[in-house]
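J.: First the structure, then my questions, so here it is.
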Amino acid sequence: MNYPSELKYTQSHEWVRLEGDVAVVGITDFAQDALGDVVFVELPPVGKTAEAGATVAVVESVKTASDIYAPVAGEIIEVNSALADKPELLNQSPYGEGWLFKMKVNPADVAGLLSAADYQAVAESQ
Amino acid sequence: MKTTPLHQAHLALGAKMVPFAGYEMPIQYTSITSEHLAVRGLAGMFDVSHMGEFWIRGPGALEFLQYATLNDVAKLKVGRAQYSMLPNERGGLVDDIYIYRTGESEYLMVVNAANIEKDWAHLNALTQGFEVQLENASDFFGLIAVQGPHAVARLQKLTDTDLSSHKKNDTFMGKLAGKWVRFARTGYTGEDGYEVFVAPDEARVVWEALLAAEVTPCGLGARDTLRLEAGFPLYGHELTDETNPLCTPFSWVVKGHKAFHGKQALLQSPCARRLVGLQVEGGIPREGYRVLKGGQVVGTLTSGTHSPILKKGIGMAYIASELAEVGTPLEVEIRGRMAGATVVEMPFVRL
């Protein structure tokens, strides 16, 4: 299982990559492995604002549907439209082409999320 | 948690194990979709050793089974099998089953793992007045389902018995990978193939030989998506203690010309709702989701998944009888959002 050290993480298995005041959000390698084949992704409308912890997307695998939460407060400014036709990108490239959405955020909020080592401990205790 | 005789084989293959009907079972080895496609395209195998097996023997075996099951057991010649159901006294179902006639007055009944104890108690309570002996042999069988368009060819490499000359629902003894097994040309995927009953301590040898013959190991995840695409019911979902089979596409199982347990109740209860297949646009339907028509709730999903062949959401639902016609447009509520759905014929895919 892969836990890139440059990313921040949540207890609910999202990852965040900060680019200025934009947070790129996806689900972790651990999460995609647990879900299995992803077959459908429901993304939020661009312009939606969300509190930290609010449900903003849904990832469906063959087995189950899983809510995706906003890791921090912010506004959705872009979604990964490639997932509409290729939801399997979440399995193939969870930290790359399988990203879910971008949010405009307060960068200080992202600093408070889990480090890779802390997230790995959370994931592997499950 | 119980395990099957193939438990170590699953662990050796790195399967993801989950609890199912009291057993620790493989849900997938690699991915549900790839295992699904292996069965639709080539050949896959499933450990279904958790299923229950009852022997029904004696001069009154036929008479007893005619009373205890819905299909016409008198039609079964030795070496033939049929799908059937166990009715309760209220017109509902105790289980859905398969019956194999293995001798003049000997039958093997295969039941759902989750229902072994319930079925066993139910059947024993019905034996009074019949010259019949029942034996719960569930722990004495391993069971491997080998399914797919190439399944028979792959099996044939491991046996001298001619498998191609037998028809669907035939059953017979033969040697497979050097071990005596009972072959049955049956299955739960909609594909050709055999189910292989094998002694528990010989199951691993047969499993490894099938692996070497390039049969893909498949878990319960693919078993569920395959049976749904094929339009087969799963007890506990489409069929329950309260389900009248006459309100389902499986009403053909009910043979009204014979007497059976609970017949009057079954024939008299009206169908307010009927079981249909639904194809759903823009989302994956799941068990328990509501079906609506013009904002009114008209039914409930009993199973739902993503069809790897259609690449669409499919499901089965009980809906108001007047809306059960193929082509009827409906909606399915997916987490507060309405997705378009259509009543379609089952099987969902061409088999």
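Just so we're on the same page: first chain in the structure tokens is A, next is B, and so on; residues restart at 1 for each chain, and ligands are numbered from 1 in the order they show up.
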When you get a sec, could you note down which chain A residues fall within 7 Å of chain B, using only C-alpha atoms, as a list of chain:residue names?
T.: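 Close to chain B, chain A has A:Gly36, A:Asp37, A:Phe40, A:Val62.
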J.: Based on DSSP run over this structure's backbone, return all residues of region 44-269 of chain B in alpha helix (DSSP H), as a VMD selection string.
T.: chain B and resid 61 to 68 116 to 125 151 to 156 203 to 212 220 to 229 263 to 268
J.: How would the residues just picked look written out with C-alpha atoms as a short mmCIF file (atom, residue, chain, number, x, y, z; two decimals), in the first residue's frame?
T.:
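Contents of the output file part-v4.cif:
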data_model
loop_
_atom_site.label_atom_id
_atom_site.label_comp_id
_atom_site.auth_asym_id
_atom_site.auth_seq_id
_atom_site.Cartn_x
_atom_site.Cartn_y
_atom_site.Cartn_z
CA ALA B 61 -38.77 -40.34 -0.95
CA LEU B 62 -40.60 -39.27 -4.10
CA GLU B 63 -43.93 -38.90 -2.34
CA PHE B 64 -42.27 -36.87 0.43
CA LEU B 65 -40.48 -34.54 -1.99
CA GLN B 66 -43.66 -34.02 -4.00
CA TYR B 67 -45.28 -32.76 -0.80
CA ALA B 68 -42.30 -30.74 0.51
CA ILE B 116 -29.25 -25.27 6.48
CA GLU B 117 -30.59 -25.44 10.04
CA LYS B 118 -33.96 -23.89 9.19
CA ASP B 119 -34.50 -26.23 6.22
CA TRP B 120 -33.36 -29.27 8.17
CA ALA B 121 -35.86 -28.60 10.97
CA HIS B 122 -38.60 -27.76 8.49
CA LEU B 123 -38.12 -30.90 6.38
CA ASN B 124 -37.89 -33.20 9.40
CA ALA B 125 -41.15 -31.80 10.74
CA ALA B 151 -15.61 -24.63 -18.49
CA VAL B 152 -16.47 -28.02 -19.99
CA ALA B 153 -13.33 -28.05 -22.16
CA ARG B 154 -11.11 -27.21 -19.19
CA LEU B 155 -12.76 -29.92 -17.06
CA GLN B 156 -12.47 -32.43 -19.89
CA ALA B 203 -11.36 -30.92 -2.69
CA ARG B 204 -7.93 -29.28 -2.63
CA VAL B 205 -6.48 -31.70 -5.20
CA VAL B 206 -9.35 -31.00 -7.58
CA TRP B 207 -9.11 -27.23 -6.98
CA GLU B 208 -5.36 -27.18 -7.70
CA ALA B 209 -5.84 -29.26 -10.86
CA LEU B 210 -8.45 -26.78 -12.07
CA LEU B 211 -6.11 -23.88 -11.33
CA ALA B 212 -3.43 -25.64 -13.38
CA LEU B 220 -18.75 -14.49 -3.89
CA GLY B 221 -18.65 -10.94 -5.29
CA ALA B 222 -18.60 -12.16 -8.89
CA ARG B 223 -21.04 -14.93 -8.02
CA ASP B 224 -23.55 -12.24 -7.04
CA THR B 225 -23.03 -9.99 -10.08
CA LEU B 226 -23.21 -13.03 -12.40
CA ARG B 227 -26.44 -14.37 -10.90
CA LEU B 228 -28.00 -10.92 -11.05
CA GLU B 229 -27.12 -10.44 -14.73
CA LYS B 263 -50.78 -25.14 -1.42
CA GLN B 264 -54.06 -23.45 -0.57
CA ALA B 265 -52.39 -20.43 1.04
CA LEU B 266 -49.94 -20.09 -1.84
CA LEU B 267 -52.60 -20.26 -4.56
CA GLN B 268 -54.97 -17.89 -2.77
#
J.: I'd like the neighbourhood of Val58 (chain A) as a ChimeraX atom specification, where a residue qualifies if any of its atoms comes within 7 Å (using only C-alpha atoms), though same-chain residues fewer than 3 positions away should be ignored.
T.: /A:41-43,65-68
J.: Show me, as a ChimeraX atom specification, the residues that have an atom within 6 Å of region 96-102 of chain A when counting only C-alpha atoms, minus same-chain residues fewer than 2 positions from it.
T.: /A:23-26,76-80,89-90,93-94
J.: Dump C-alpha atoms for the selected residues as a PDB file, in the first residue's frame?
T.:
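Written output follows (part-v2.pdb):
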ATOM      1  CA  ALA A  23      -6.568  21.561  -2.396  1.00  0.00           C
ATOM      2  CA  VAL A  24      -6.662  18.621  -4.809  1.00  0.00           C
ATOM      3  CA  VAL A  25      -8.655  15.788  -3.210  1.00  0.00           C
ATOM      4  CA  GLY A  26      -8.855  12.071  -3.919  1.00  0.00           C
ATOM      5  CA  ILE A  76     -15.426  23.304  -5.199  1.00  0.00           C
ATOM      6  CA  ILE A  77     -13.694  24.917  -8.174  1.00  0.00           C
ATOM      7  CA  GLU A  78     -13.106  21.926 -10.468  1.00  0.00           C
ATOM      8  CA  VAL A  79     -14.073  18.262 -10.717  1.00  0.00           C
ATOM      9  CA  ASN A  80     -12.334  15.422 -12.552  1.00  0.00           C
ATOM     10  CA  LEU A  89      -8.921   5.599 -12.807  1.00  0.00           C
ATOM     11  CA  LEU A  90      -9.586   5.647  -9.057  1.00  0.00           C
ATOM     12  CA  SER A  93      -4.087   5.845 -10.203  1.00  0.00           C
ATOM     13  CA  PRO A  94      -5.589   6.941  -6.870  1.00  0.00           C
TER      14      PRO A  94
END
J.: Among region 105-302 of chain B, which ones does DSSP assign to strand (DSSP E) (computed from the backbone)? Answer as an MDAnalysis selection string.
T.: chainID B and resid 106:111 133:136 142:147 171:176 179:184 193:198 216:217 273:280 290:293 296:302
J.: Of the candidates A:Lys8, A:His13, A:Lys63, A:Lys48, which one gets nearest to Asp109 (chain A) if we count only C-alpha atoms?
T.: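 When distances to Asp109 (chain A) are compared using only C-alpha atoms, the smallest one comes from A:Lys8.
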J.: Applying 6 Å and only C-alpha atoms, which residues near Glu14 (chain A) remain after dropping the ones on its own chain fewer than 4 positions away? List them as a ChimeraX atom specification.
T.: /A:9-10,26-28
J.: Take the residues just selected and output them with N, CA, C and O atoms as a compact mmCIF listing (two decimals), in the first residue's frame.
T.:
# COMPACT_ATOMS: atom_id res chain seq x y z
N TYR A 9 -3.76 13.72 4.84
CA TYR A 9 -4.79 12.67 4.83
C TYR A 9 -5.87 12.94 5.87
O TYR A 9 -5.66 13.71 6.81
N THR A 10 -7.03 12.25 5.68
CA THR A 10 -8.11 12.32 6.67
C THR A 10 -8.34 10.93 7.24
O THR A 10 -7.98 9.91 6.63
N GLY A 26 -8.55 13.39 -3.35
CA GLY A 26 -8.85 12.07 -3.92
C GLY A 26 -9.03 11.06 -2.80
O GLY A 26 -9.07 11.44 -1.62
N ILE A 27 -9.15 9.77 -3.15
CA ILE A 27 -9.19 8.73 -2.12
C ILE A 27 -7.88 7.95 -2.15
O ILE A 27 -7.22 7.85 -3.18
N THR A 28 -7.51 7.41 -1.01
CA THR A 28 -6.19 6.81 -0.86
C THR A 28 -6.12 5.44 -1.52
O THR A 28 -7.15 4.82 -1.84
J.: To one decimal place, how far is CA of Pro107 (chain A) from CA of Gln32 (chain A) in Å?
T.: 25.9 Å
J.: By how many Å are CA of Leu323 (chain B) and CA of Leu86 (chain B) apart?
T.: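 Distance between the two atoms: 28.2 Å.
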J.: With only C-alpha atoms as the atoms that count, which of A:Pro71, A:Asn91, A:Asn2, A:Met103 lies nearest to Pro44 (chain A)?
T.: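 Comparing A:Pro71, A:Asn91, A:Asn2, A:Met103 against Pro44 (chain A), the winner is A:Met103.
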J.: Just give me the gap between CA of Ala272 (chain B) and CA of Leu239 (chain B) in Å, one decimal is fine.
T.: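 Between these atoms lies a distance of 15.4 Å.
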J.: Neighbours of Phe140 (chain B) within 10 Å (only C-alpha atoms; same-chain residues fewer than 5 positions away dropped), as a list in words?
T.: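 Returned residues: Pro5, Ser49, Gly52, Glu53, Phe197, Val198, Ala199, Pro200 and Asp201 of chain B.
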J.: Could you turn the residues from that selection into a file that holds N, CA, C and O atoms, as a JSON list (two decimals), in the first residue's frame?
T.:
[["chain", "number", "residue", "atom", "x", "y", "z"],
["B", 5, "PRO", "N", -13.44, -26.78, 3.12],
["B", 5, "PRO", "CA", -12.21, -27.56, 2.91],
["B", 5, "PRO", "C", -11.18, -26.83, 2.05],
["B", 5, "PRO", "O", -10.02, -27.25, 2.00],
["B", 49, "SER", "N", -18.65, -24.77, -1.22],
["B", 49, "SER", "CA", -18.73, -25.87, -0.25],
["B", 49, "SER", "C", -19.57, -25.50, 0.97],
["B", 49, "SER", "O", -19.95, -26.38, 1.74],
["B", 52, "GLY", "N", -25.53, -26.34, 1.73],
["B", 52, "GLY", "CA", -25.95, -27.52, 2.47],
["B", 52, "GLY", "C", -26.38, -28.65, 1.55],
["B", 52, "GLY", "O", -26.87, -28.40, 0.44],
["B", 53, "GLU", "N", -26.16, -29.89, 1.98],
["B", 53, "GLU", "CA", -26.59, -31.07, 1.21],
["B", 53, "GLU", "C", -27.37, -32.00, 2.14],
["B", 53, "GLU", "O", -26.87, -32.36, 3.20],
["B", 197, "PHE", "N", -19.26, -32.15, -6.91],
["B", 197, "PHE", "CA", -19.32, -32.54, -5.51],
["B", 197, "PHE", "C", -18.15, -33.47, -5.24],
["B", 197, "PHE", "O", -17.96, -34.46, -5.94],
["B", 198, "VAL", "N", -17.38, -33.16, -4.21],
["B", 198, "VAL", "CA", -16.15, -33.90, -3.97],
["B", 198, "VAL", "C", -15.98, -34.11, -2.47],
["B", 198, "VAL", "O", -16.45, -33.28, -1.67],
["B", 199, "ALA", "N", -15.33, -35.20, -2.08],
["B", 199, "ALA", "CA", -15.05, -35.43, -0.66],
["B", 199, "ALA", "C", -14.22, -34.27, -0.12],
["B", 199, "ALA", "O", -13.31, -33.78, -0.81],
["B", 200, "PRO", "N", -14.50, -33.82, 1.11],
["B", 200, "PRO", "CA", -13.79, -32.64, 1.64],
["B", 200, "PRO", "C", -12.27, -32.78, 1.57],
["B", 200, "PRO", "O", -11.58, -31.81, 1.20],
["B", 201, "ASP", "N", -11.74, -33.97, 1.89],
["B", 201, "ASP", "CA", -10.27, -34.10, 1.93],
["B", 201, "ASP", "C", -9.67, -34.27, 0.53],
["B", 201, "ASP", "O", -8.45, -34.36, 0.39]]
